[in-house]
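Structure first, commentary second.
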Amino acid sequence: MTGASGDAEQLTPDHGLVYWRWLAFSFFGIMVSFILYGIVMEYATSGGRKLHELSLIFVTSSLYTTTAYVGKTIRGERPTTVPTYKLFVVAMLSMGSTFFSVRSLRYVIFPVQVLAKSCKPIPVMIMGAFLGKKYPLKKYLNVCVIVVGIALFMLGGNAVKADDAEKGGTTMLLGCVMLFLSLSFDGATGAYEDKIMQRDHVGPFELMFNIQLGKAILAFLSLVIFNEVNYFLQMVQETGPVLLALGVTGAMGQVFIFVTIAKFGALMCSLIGLGRKIVTLIVSIIIYQHPVDTQQGIGLSMAVGAMVYNFADRGGKRAAKKPTVAARDVEEADGVELKGLLSAEGTSAEDESVGEPSDR
């Protein structure tokens with residue numbers, strides 16, 4: 001993929017104060033944007049409140065499209081050579097991922113969603129194994145530790161408050177199915193992106209513009225076809241500020257991810273992203289007062305520890321090559337932290353191009 005992250009020389013500590021200023025700017029930008037996104041998302045989907053998925057996708061994708069257009073204009077990115085129909089397929093897959101990710105919050109609490117998205121490698125590994133791809137044993141063990149940790153968290157105690165009682169018990173299983181579908185669509189999106197970009201050129205904001213425009217069109221057509229335009233207008237009246245906040249924080253998160261990769265590389269972005277995920281969990285548990293017992297604490301520690309180990313193991317082996325970035329959607333942001341988990345032992349940074357932002 002061309003037109004990625006490194007048109008200019010990446011910064012190092014040797015650049016002195018400039019390096020630390022940009023690092024602080026990138027760090028706080030990503031942390032604040034995505035943590036605020038998570039807080040607003042949990043507010044909009046807890047206490048009996050529900051988000052209308054098509055309305056959310058239409059509003060946020062419209063804002064992302066505008067952001068991407070400004071970004072590609074400022075950077076002067078060349079028009080993509082990827083055929084329009086292929087980009088539309090990516091948009092459909094990405095929309096499926098976002099739809100089921102948001103839909104799952106009708107059945108599971110937000111911390112469970114954040115943790116469950118760490119299982120992203122599972123459908124990808126199953127698909128890869130089916131196609132004959134082999135992974136090192138430690139990658140299977142790493143994924144198993146994450147899964148066991150999440151299971152302990154979900155099955156231990158009762159992290160579901162009284163006003164979210166419908167998200168406990170067997171209902172949670174339906175939410176897990178939704179999350180699995182979301183992860184499967186996300187994996188398919190990344191795989192198809194990699195395939196079509198092997199020969200064609202597309203800049204990061206050009207890609208974001210085309211995909212988000214496609215999602216906005218798909219969401220609008222769905223609202224019309226399913227006769228939900230009036231419901232959309234009602235949702236805008238009732239939850240307009242919430243939809244706007246999700247769109248703005250998500251769009252800003254995309255921009256900060258791009259800046260971080262452009263200035264410091266994908267490894268630094270992965271480290272900040274991992275920290276963001278952990279802080280998001282802590283903030284959610286504190287602000288929304290989710291009770292956590294000993295078993296859940298152990299499970300949470302196992303899942304986070306496995307993710308930290310994976311990052312440390314991957315960071316020590318990544319080659320010093322310029323990474324690429326293809327911003328898609330805030331609901332797919334976890335690919336930044338997790339994509340390396342599935343890379344083969346000798347994979348270079350060039351092969352581990354970063355392709356997604358979202359708070360999952």
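Naming works like this for the structure tokens: A, B, ... for the chains as they're shown, residue 1 at the start of each chain, ligands 1 onward in shown order.
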Find the nearest atom pair between each residue of stretch 14-95 of chain A and stretch 248-263 of chain A for residues within 9 Å, count only C-alpha atoms, give distances in Å to one decimal, sort rows by chain and ascending number, and present the table as CSV.
```
residue,atom,partner,partner_atom,distance
A:Tyr19,CA,A:Lys263,CA,8.7
A:Trp22,CA,A:Lys263,CA,7.7
A:Leu23,CA,A:Thr260,CA,7.6
A:Phe25,CA,A:Phe256,CA,8.5
A:Ser26,CA,A:Thr260,CA,5.5
A:Phe27,CA,A:Thr260,CA,8.0
A:Gly29,CA,A:Phe256,CA,5.8
A:Ile30,CA,A:Gly253,CA,5.5
A:Met31,CA,A:Gly253,CA,8.3
A:Val32,CA,A:Gly253,CA,8.4
A:Ser33,CA,A:Thr249,CA,5.0
A:Phe34,CA,A:Gly253,CA,6.1
A:Ile35,CA,A:Thr249,CA,8.9
A:Leu36,CA,A:Thr249,CA,6.8
A:Tyr37,CA,A:Thr249,CA,5.6
A:Thr60,CA,A:Val248,CA,7.8
A:Leu63,CA,A:Ala251,CA,7.0
A:Tyr64,CA,A:Ala251,CA,5.4
A:Thr65,CA,A:Ala251,CA,8.9
A:Thr67,CA,A:Ala251,CA,6.5
A:Ala68,CA,A:Ala251,CA,8.5
A:Gly71,CA,A:Val255,CA,8.2
```
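With distances restricted to only C-alpha atoms, A:Gly265 is the closest residue to A:Glu9 from A:Phe311, A:Met41, A:Gly265, A:Asp293.
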(message) Give me, as a ChimeraX atom specification, all polymer residues having an atom no more than 8 Å from stretch 176-193 of chain A, counting only C-alpha atoms and skipping those fewer than 5 positions away in the same chain.
(response) /A:90,93-94,96-101,103-104,108,113,116-117,119-120,123-124,332,355
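Taking atom CA of A:Met235 and atom CA of A:Leu213 as the two end points, the separation is 21.0 Å.
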(message) I want to know what sits within 10 Å of A:Gln295, based on only C-alpha atoms, with residues of the same chain fewer than 2 positions away left out; could you give that as a PyMOL selection string?
(response) chain A and resi 149+152-157+292-293+297-301
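If you measure from each of A:Thr80, A:Arg75, A:Val279, A:Tyr107 to A:Leu174 using only C-alpha atoms, the closest one turns out to be A:Tyr107.
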(message) Under the rule that only C-alpha atoms are counted, which of A:Ile126, A:Phe205, A:Leu243, A:Arg199 is the nearest residue to A:Ile74?
(response) A:Phe205
